[in-house]
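Pasted below: model-v4.cif, mmCIF, C-alpha atoms.
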```cif
data_run
loop_
_atom_site.label_atom_id
_atom_site.label_comp_id
_atom_site.auth_asym_id
_atom_site.auth_seq_id
_atom_site.Cartn_x
_atom_site.Cartn_y
_atom_site.Cartn_z
CA MET P 1 16.95 68.56 -9.62
CA ALA P 2 18.21 66.56 -12.55
CA ALA P 3 16.71 63.14 -12.55
CA SER P 4 17.51 62.19 -16.09
CA ALA P 5 19.69 59.25 -15.22
CA GLN P 6 17.24 57.77 -12.79
CA HIS P 7 14.71 55.10 -13.58
CA PRO P 8 11.31 56.74 -14.17
CA TYR P 9 9.70 54.83 -11.32
CA SER P 10 12.41 55.38 -8.77
CA GLN P 11 10.71 58.51 -7.48
CA PHE P 12 7.54 56.57 -6.74
CA PRO P 13 8.61 53.38 -5.02
CA HIS P 14 5.12 52.46 -3.92
CA GLN P 15 3.71 52.60 -7.46
CA ALA P 16 6.77 50.79 -8.71
CA GLN P 17 6.13 47.93 -6.34
CA LYS P 18 2.47 47.71 -7.36
CA ILE P 19 3.39 47.70 -11.03
CA GLY P 20 6.04 45.07 -10.39
CA LEU P 21 3.59 42.85 -8.58
CA SER P 22 1.00 43.14 -11.32
CA ILE P 23 3.61 42.28 -13.94
CA LEU P 24 4.58 39.22 -11.93
CA GLU P 25 0.97 38.24 -11.61
CA SER P 26 0.44 38.52 -15.35
CA MET P 27 3.51 36.35 -15.95
CA GLY P 28 2.11 33.78 -13.56
CA PHE P 29 -1.19 34.01 -15.42
CA ARG P 30 0.43 33.10 -18.74
CA VAL P 31 2.31 30.21 -17.18
CA GLY P 32 -0.89 29.05 -15.52
CA GLN P 33 -2.71 29.14 -18.84
CA ALA P 34 -0.09 26.91 -20.43
CA LEU P 35 -0.05 24.52 -17.46
CA GLY P 36 -3.82 24.36 -17.52
CA GLU P 37 -3.56 23.05 -21.05
CA ARG P 38 -0.60 20.73 -20.62
CA LEU P 39 -1.19 19.04 -17.29
CA PRO P 40 -4.72 17.66 -17.77
CA GLN P 41 -3.83 16.41 -21.22
CA GLU P 42 -3.98 12.72 -20.45
CA THR P 43 -6.89 12.85 -18.05
CA LEU P 44 -10.51 12.67 -19.12
CA GLY P 45 -12.80 15.65 -19.03
CA PHE P 46 -13.61 17.50 -15.82
CA ARG P 47 -17.24 17.12 -14.98
CA GLU P 48 -17.69 19.84 -12.41
CA GLU P 49 -16.01 22.59 -10.40
CA LEU P 50 -14.84 20.25 -7.70
CA ASP P 51 -12.89 18.17 -10.22
CA VAL P 52 -11.12 21.31 -11.37
CA LEU P 53 -10.30 22.23 -7.78
CA LYS P 54 -8.95 18.76 -7.10
CA PHE P 55 -6.81 19.11 -10.18
CA LEU P 56 -5.42 22.38 -8.83
CA CYS P 57 -4.71 20.98 -5.38
CA LYS P 58 -3.15 17.77 -6.56
CA ASP P 59 -1.81 17.80 -10.11
CA LEU P 60 -0.95 21.46 -10.50
CA TRP P 61 0.59 21.91 -7.08
CA VAL P 62 2.60 18.70 -7.37
CA ALA P 63 3.86 19.65 -10.80
CA VAL P 64 5.01 23.08 -9.71
CA PHE P 65 5.91 22.67 -6.04
CA HIS P 66 6.36 18.89 -5.67
CA LYS P 67 3.78 18.65 -2.94
CA GLN P 68 0.03 18.61 -2.69
CA MET P 69 -2.11 21.32 -1.23
CA ASP P 70 -2.79 20.55 2.39
CA SER P 71 -6.46 21.39 2.64
CA LEU P 72 -9.36 22.67 0.63
CA HIS P 73 -12.44 24.36 2.04
CA THR P 74 -15.47 25.62 0.21
CA ASP P 75 -18.77 27.23 0.93
CA HIS P 76 -20.28 25.49 -2.09
CA GLN P 77 -21.20 28.84 -3.54
CA GLY P 78 -18.10 29.56 -5.52
CA THR P 79 -15.64 30.53 -2.82
CA TYR P 80 -12.73 28.24 -2.10
CA VAL P 81 -9.91 28.43 0.37
CA LEU P 82 -6.81 26.38 -0.30
CA GLN P 83 -4.32 25.99 2.46
CA ASP P 84 -0.70 25.09 2.13
CA ASN P 85 0.98 24.62 5.49
CA SER P 86 4.49 24.97 4.24
CA PHE P 87 4.59 26.81 0.97
CA PRO P 88 7.94 25.95 -0.63
CA LEU P 89 8.57 29.44 -1.98
CA LEU P 90 8.19 31.01 1.44
CA VAL P 91 9.96 28.46 3.58
CA PRO P 92 13.48 29.80 2.98
CA ILE P 93 12.30 33.38 3.47
CA ALA P 94 10.50 32.60 6.67
CA SER P 95 13.65 31.52 8.47
CA GLY P 96 14.67 35.11 9.04
CA LEU P 97 13.40 38.67 8.81
CA GLN P 98 15.91 39.79 6.20
CA TYR P 99 13.88 39.18 3.03
CA MET P 100 10.35 39.50 4.27
CA GLU P 101 9.68 42.38 1.90
CA GLU P 102 10.27 40.14 -1.08
CA ALA P 103 7.56 37.69 -0.08
CA PRO P 104 4.69 39.46 -1.91
CA LYS P 105 6.45 38.88 -5.21
CA PHE P 106 6.32 35.13 -4.79
CA LEU P 107 2.72 35.30 -3.76
CA ALA P 108 1.80 37.49 -6.73
CA PHE P 109 3.26 35.04 -9.22
CA THR P 110 1.46 32.14 -7.58
CA CYS P 111 -1.86 33.98 -7.55
CA GLY P 112 -1.41 34.57 -11.26
CA LEU P 113 -0.58 30.93 -11.75
CA LEU P 114 -3.81 29.80 -10.13
CA CYS P 115 -5.84 32.42 -11.98
CA GLY P 116 -4.35 31.42 -15.34
CA ALA P 117 -4.92 27.73 -14.85
CA LEU P 118 -8.51 28.40 -13.86
CA SER P 119 -9.07 30.62 -16.86
CA THR P 120 -7.90 27.91 -19.25
CA LEU P 121 -10.24 25.46 -17.60
CA GLY P 122 -13.12 27.83 -18.09
CA PHE P 123 -13.49 29.79 -14.86
CA GLN P 124 -13.04 33.46 -14.25
CA SER P 125 -11.72 33.93 -10.77
CA LEU P 126 -10.36 36.36 -8.28
CA VAL P 127 -7.42 34.97 -6.36
CA THR P 128 -5.94 36.40 -3.19
CA ALA P 129 -3.19 35.06 -1.00
CA SER P 130 -2.61 35.55 2.66
CA VAL P 131 0.12 34.31 4.89
CA THR P 132 -0.66 32.77 8.23
CA ALA P 133 1.45 32.07 11.21
CA LEU P 134 1.19 28.47 12.25
CA PRO P 135 0.33 28.12 15.89
CA ALA P 136 2.81 25.35 16.45
CA CYS P 137 5.97 26.99 15.14
CA GLU P 138 7.63 30.36 15.53
CA SER P 139 8.05 31.45 11.95
CA TRP P 140 5.29 31.90 9.41
CA ARG P 141 5.37 29.50 6.53
CA GLY P 142 1.78 28.66 5.83
CA CYS P 143 -0.17 30.26 3.08
CA LEU P 144 -3.86 30.53 2.35
CA TRP P 145 -5.21 30.98 -1.11
CA GLY P 146 -8.74 32.21 -1.27
CA PHE P 147 -10.60 32.63 -4.44
CA THR P 148 -14.07 33.17 -5.73
CA LEU P 149 -15.10 31.52 -8.93
CA PHE P 150 -17.44 33.36 -11.21
CA SER P 151 -19.73 31.06 -13.08
CA PRO P 152 -18.23 29.91 -16.38
CA ARG P 153 -19.34 32.08 -19.22
CA THR P 154 -21.89 30.19 -21.22
CA HIS P 155 -21.19 31.15 -24.79
CA LEU P 156 -24.20 31.57 -26.99
CA THR P 157 -24.12 29.91 -30.37
CA CYS P 158 -25.44 32.33 -32.96
CA GLY P 159 -28.78 31.17 -34.18
CA THR P 160 -28.14 30.09 -37.76
CA MET C 1 -5.81 11.34 -44.55
CA ALA C 2 -7.82 14.34 -43.56
CA VAL C 3 -9.26 16.80 -46.00
CA CYS C 4 -9.78 19.65 -43.57
CA ILE C 5 -8.57 20.31 -40.04
CA ALA C 6 -9.82 23.07 -37.78
CA VAL C 7 -9.06 24.26 -34.26
CA ILE C 8 -11.93 26.21 -32.71
CA ALA C 9 -11.55 28.29 -29.57
CA LYS C 10 -14.00 27.94 -26.71
CA GLU C 11 -15.72 31.14 -27.82
CA ASN C 12 -16.42 29.35 -31.11
CA TYR C 13 -14.18 31.26 -33.45
CA PRO C 14 -11.52 29.50 -35.50
CA LEU C 15 -7.95 29.57 -34.27
CA TYR C 16 -6.73 27.55 -37.21
CA ILE C 17 -8.46 26.15 -40.23
CA ARG C 18 -6.88 24.54 -43.23
CA SER C 19 -8.18 22.44 -46.06
CA THR C 20 -6.60 20.86 -49.09
CA PRO C 21 -6.15 23.49 -51.77
CA MET C 22 -7.82 21.64 -54.58
CA GLU C 23 -11.27 21.75 -53.10
CA ASN C 24 -13.64 24.60 -52.42
CA GLU C 25 -12.44 26.04 -49.11
CA LEU C 26 -15.69 27.77 -48.28
CA LYS C 27 -17.54 24.48 -48.29
CA PHE C 28 -15.26 23.14 -45.58
CA HIS C 29 -15.51 26.28 -43.51
CA TYR C 30 -19.28 25.93 -43.62
CA MET C 31 -19.08 22.24 -42.71
CA VAL C 32 -16.91 22.98 -39.69
CA HIS C 33 -19.27 25.73 -38.63
CA THR C 34 -22.31 23.48 -38.76
CA SER C 35 -20.46 20.74 -36.92
CA LEU C 36 -20.05 23.06 -33.94
CA ASP C 37 -23.72 22.64 -33.13
CA VAL C 38 -23.29 18.90 -33.01
CA VAL C 39 -20.24 19.32 -30.80
CA ASP C 40 -22.21 21.46 -28.35
CA GLU C 41 -24.99 18.90 -28.33
CA LYS C 42 -22.58 16.11 -27.53
CA ILE C 43 -20.88 18.10 -24.79
CA SER C 44 -24.14 18.93 -23.07
CA ALA C 45 -25.36 15.35 -23.46
CA MET C 46 -22.22 14.08 -21.79
CA GLY C 47 -22.65 16.54 -18.99
CA LYS C 48 -26.07 15.18 -18.17
CA ALA C 49 -25.21 11.53 -18.58
CA LEU C 50 -24.38 9.55 -15.49
CA VAL C 51 -21.03 8.45 -16.88
CA ASP C 52 -18.21 8.66 -14.44
CA GLN C 53 -15.91 10.74 -16.54
CA ARG C 54 -16.15 12.52 -19.81
CA GLU C 55 -14.26 11.31 -22.81
CA LEU C 56 -12.47 13.90 -24.84
CA TYR C 57 -12.86 12.14 -28.18
CA LEU C 58 -16.34 12.83 -29.54
CA GLY C 59 -16.33 10.43 -32.45
CA LEU C 60 -18.23 10.80 -35.68
CA LEU C 61 -20.19 14.03 -35.57
CA TYR C 62 -22.15 13.64 -38.76
CA PRO C 63 -21.66 12.00 -42.13
CA THR C 64 -22.46 13.53 -45.48
CA GLU C 65 -22.42 11.70 -48.78
CA ASP C 66 -18.82 12.70 -49.55
CA TYR C 67 -17.29 13.36 -46.16
CA LYS C 68 -17.31 12.40 -42.53
CA VAL C 69 -16.72 14.87 -39.73
CA TYR C 70 -15.03 13.89 -36.47
CA GLY C 71 -14.68 15.94 -33.31
CA PHE C 72 -12.53 16.19 -30.20
CA VAL C 73 -12.84 18.60 -27.31
CA THR C 74 -10.05 19.42 -24.88
CA ASN C 75 -10.33 20.20 -21.19
CA SER C 76 -10.06 23.87 -22.02
CA LYS C 77 -13.13 23.61 -24.28
CA VAL C 78 -11.06 24.03 -27.42
CA LYS C 79 -12.54 21.94 -30.20
CA LEU C 80 -10.63 20.07 -32.85
CA VAL C 81 -12.65 19.19 -35.93
CA MET C 82 -11.47 16.92 -38.71
CA VAL C 83 -13.14 16.27 -42.04
CA VAL C 84 -12.16 13.08 -43.88
CA ASP C 85 -13.03 11.73 -47.25
CA SER C 86 -15.78 9.12 -47.12
CA SER C 87 -14.24 7.14 -49.91
CA ASN C 88 -11.23 6.46 -47.75
CA THR C 89 -12.77 3.56 -45.88
CA ALA C 90 -9.43 2.30 -44.63
CA LEU C 91 -9.43 4.85 -41.82
CA ARG C 92 -10.50 3.20 -38.59
CA ASP C 93 -11.54 4.73 -35.32
CA ASN C 94 -8.16 4.07 -33.75
CA GLU C 95 -6.38 5.97 -36.48
CA ILE C 96 -8.69 8.93 -36.07
CA ARG C 97 -8.08 8.85 -32.33
CA SER C 98 -4.32 8.84 -32.80
CA MET C 99 -4.56 11.72 -35.28
CA PHE C 100 -6.53 13.71 -32.70
CA ARG C 101 -4.00 12.85 -30.05
CA LYS C 102 -1.21 14.21 -32.24
CA LEU C 103 -3.25 17.33 -32.93
CA HIS C 104 -3.89 17.79 -29.22
CA ASN C 105 -0.18 17.44 -28.43
CA SER C 106 0.72 20.00 -31.06
CA TYR C 107 -1.94 22.38 -29.83
CA THR C 108 -0.63 22.04 -26.28
CA ASP C 109 2.86 22.80 -27.57
CA VAL C 110 1.55 25.94 -29.24
CA MET C 111 -0.17 26.94 -26.00
CA CYS C 112 3.05 26.52 -24.02
CA ASN C 113 4.98 28.76 -26.39
CA PRO C 114 5.49 31.98 -24.43
CA PHE C 115 5.39 34.04 -27.61
CA TYR C 116 1.91 32.84 -28.39
CA ASN C 117 -1.02 34.79 -26.96
CA PRO C 118 -3.94 32.52 -26.17
CA GLY C 119 -6.80 33.49 -28.43
CA ASP C 120 -4.71 34.49 -31.42
CA ARG C 121 -4.68 32.61 -34.68
CA ILE C 122 -2.15 29.80 -34.67
CA GLN C 123 0.78 30.63 -36.89
CA SER C 124 3.31 28.09 -35.69
CA ARG C 125 5.34 26.40 -38.37
CA ALA C 126 5.64 23.22 -36.34
CA PHE C 127 1.87 23.04 -36.11
CA ASP C 128 1.56 23.64 -39.86
CA ASN C 129 4.01 20.86 -40.60
CA MET C 130 2.17 18.45 -38.37
CA VAL C 131 -1.15 19.28 -40.04
CA THR C 132 0.44 18.92 -43.48
CA SER C 133 1.56 15.44 -42.58
CA MET C 134 -2.05 14.55 -41.85
CA MET C 135 -3.71 16.13 -44.84
CA ILE C 136 -4.42 14.25 -47.99
CA GLN C 137 -1.41 13.83 -50.24
CA VAL C 138 -1.85 16.03 -53.31
CA CYS C 139 0.62 15.29 -56.05
#
```
Starting from the file, lay out its structure as structure tokens.
Amino acid sequence: MAASAQHPYSQFPHQAQKIGLSILESMGFRVGQALGERLPQETLGFREELDVLKFLCKDLWVAVFHKQMDSLHTDHQGTYVLQDNSFPLLVPIASGLQYMEEAPKFLAFTCGLLCGALSTLGFQSLVTASVTALPACESWRGCLWGFTLFSPRTHLTCGT
Amino acid sequence: MAVCIAVIAKENYPLYIRSTPMENELKFHYMVHTSLDVVDEKISAMGKALVDQRELYLGLLYPTEDYKVYGFVTNSKVKLVMVVDSSNTALRDNEIRSMFRKLHNSYTDVMCNPFYNPGDRIQSRAFDNMVTSMMIQVC
């Protein structure tokens, strides 16, 4: 069966989607790195993790999505859950079932965005996104971002 | 006017270092390297102090008989180090601060360039031009 004219990934749609999502996440990562440098430029230094988280919830989210994150929870041991009750990228999709399959792409980019901003500010992290259905309304529009922060790498100065 | 300007990544390797061509370059490289210890000291001291917020401008790191070394650290732990001639006493703190602010703006521009990979050496012409405008005028 001649498949020369087909795209190499078209025979493996599942892998293609995974690769696509990881490419989107890496793009979001690069954008997040740049934003993590540009946005805090005028502010004074962050003293601790919580300051960085507040920056993410307020400054970063407002700059990108024109709204603040709705809530932030932590277990004080490096795991944070950010909740956005009406994530602007998902709101238009949530109004119908037609484009639900495209939703992971928007989430992948945003996960990368958060991861990149955190990496510029000195934290390695693992970011996951999950979509929740709000109890009050029919369609799902809320989004939870959970991530674990690994302790910032303390770089050793060579003993000279 | 600065004699040497360096941008050091948070892993303590240089992303960009340039000094005026007339002088011995290695001497400035060494000076910047030794100033990193002072920078780390200041950063850790600020972390322990009970000040409300950290300032990014570190001020005079250490003076030698010919030169003075100033430092600045960004929120992403990238350090900007500037060596100025001691004989140039006209330079005041405010001028040094504004030079660092310009450097920080240019570095942020470099970071936002999608063709730049964070962690690579800085090769941007715009950044070079900005640094040239700050270096000592050699005729």
(request) Could you expand the PyMOL selection byres ((chain P) within 8 of (chain C)) into the explicit residues it covers here, written as number ranges by chain? (result) P: 30-31, 33-38, 40-41, 44-47, 120-122, 155, 157
(request) Kindly indicate which residue among P:Ser22, P:Thr43, P:Ser130, P:Gln98 lies nearest to Asp84 of chain P, using all atoms listed in the file for the distances. (result)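 Nearest candidate to Asp84 of chain P out of P:Ser22, P:Thr43, P:Ser130, P:Gln98: P:Ser130.
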(request) Tell me which of P:Gln15, P:Ser125, P:Ser119, P:Ser95 sits closest to Thr79 of chain P, counting only C-alpha atoms. (result)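 Under the stated criterion, the closest residue is P:Ser125.
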(request) Report the distance between atom CA of Lys79 of chain C and atom CA of Ser106 of chain C in Å, rounded to one decimal place. (result) 13.4 Å
(request) Rank P:Trp145, P:Val52, P:Thr74, P:Leu21 by their smallest atom-to-atom distance to Phe123 of chain P, using all atoms listed in the file, and report the top residue only. (result) P:Val52
(message) Just the number, please: distance in Å from atom CA of Met99 of chain C to atom CA of Met134 of chain C, one decimal.
(response)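 Rounded to one decimal, the two atoms are 7.6 Å apart.
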(request) Kindly indicate which residue among C:Thr64, C:Leu26, C:Thr20, C:Leu103 lies nearest to Ser87 of chain C, using all atoms listed in the file for the distances. (result)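 That would be C:Thr64, the residue with the smallest distance to Ser87 of chain C.
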(request) Just give me the gap between atom CA of Thr132 of chain C and atom CA of Val81 of chain C in Å, one decimal is fine. (result)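 Here the two named atoms are 15.1 Å from each other.
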Skip Val64 of chain P itself and residues of its chain fewer than 2 positions away, then list as a PDB file with C-alpha atoms, in the frame of the given file all residues within 12 Å of it, counting all atoms listed in the file.
```pdb
ATOM      1  CA  GLY P  28       2.110  33.780 -13.560  1.00  0.00           C
ATOM      2  CA  VAL P  31       2.310  30.210 -17.180  1.00  0.00           C
ATOM      3  CA  GLY P  32      -0.890  29.050 -15.520  1.00  0.00           C
ATOM      4  CA  LEU P  35      -0.050  24.520 -17.460  1.00  0.00           C
ATOM      5  CA  GLY P  36      -3.820  24.360 -17.520  1.00  0.00           C
ATOM      6  CA  LEU P  39      -1.190  19.040 -17.290  1.00  0.00           C
ATOM      7  CA  LEU P  56      -5.420  22.380  -8.830  1.00  0.00           C
ATOM      8  CA  CYS P  57      -4.710  20.980  -5.380  1.00  0.00           C
ATOM      9  CA  LYS P  58      -3.150  17.770  -6.560  1.00  0.00           C
ATOM     10  CA  ASP P  59      -1.810  17.800 -10.110  1.00  0.00           C
ATOM     11  CA  LEU P  60      -0.950  21.460 -10.500  1.00  0.00           C
ATOM     12  CA  TRP P  61       0.590  21.910  -7.080  1.00  0.00           C
ATOM     13  CA  VAL P  62       2.600  18.700  -7.370  1.00  0.00           C
ATOM     14  CA  HIS P  66       6.360  18.890  -5.670  1.00  0.00           C
ATOM     15  CA  LYS P  67       3.780  18.650  -2.940  1.00  0.00           C
ATOM     16  CA  GLN P  68       0.030  18.610  -2.690  1.00  0.00           C
ATOM     17  CA  MET P  69      -2.110  21.320  -1.230  1.00  0.00           C
ATOM     18  CA  PHE P  87       4.590  26.810   0.970  1.00  0.00           C
ATOM     19  CA  PRO P  88       7.940  25.950  -0.630  1.00  0.00           C
ATOM     20  CA  LEU P  89       8.570  29.440  -1.980  1.00  0.00           C
ATOM     21  CA  THR P 110       1.460  32.140  -7.580  1.00  0.00           C
ATOM     22  CA  LEU P 113      -0.580  30.930 -11.750  1.00  0.00           C
ATOM     23  CA  LEU P 114      -3.810  29.800 -10.130  1.00  0.00           C
TER      24      LEU P 114
END
```
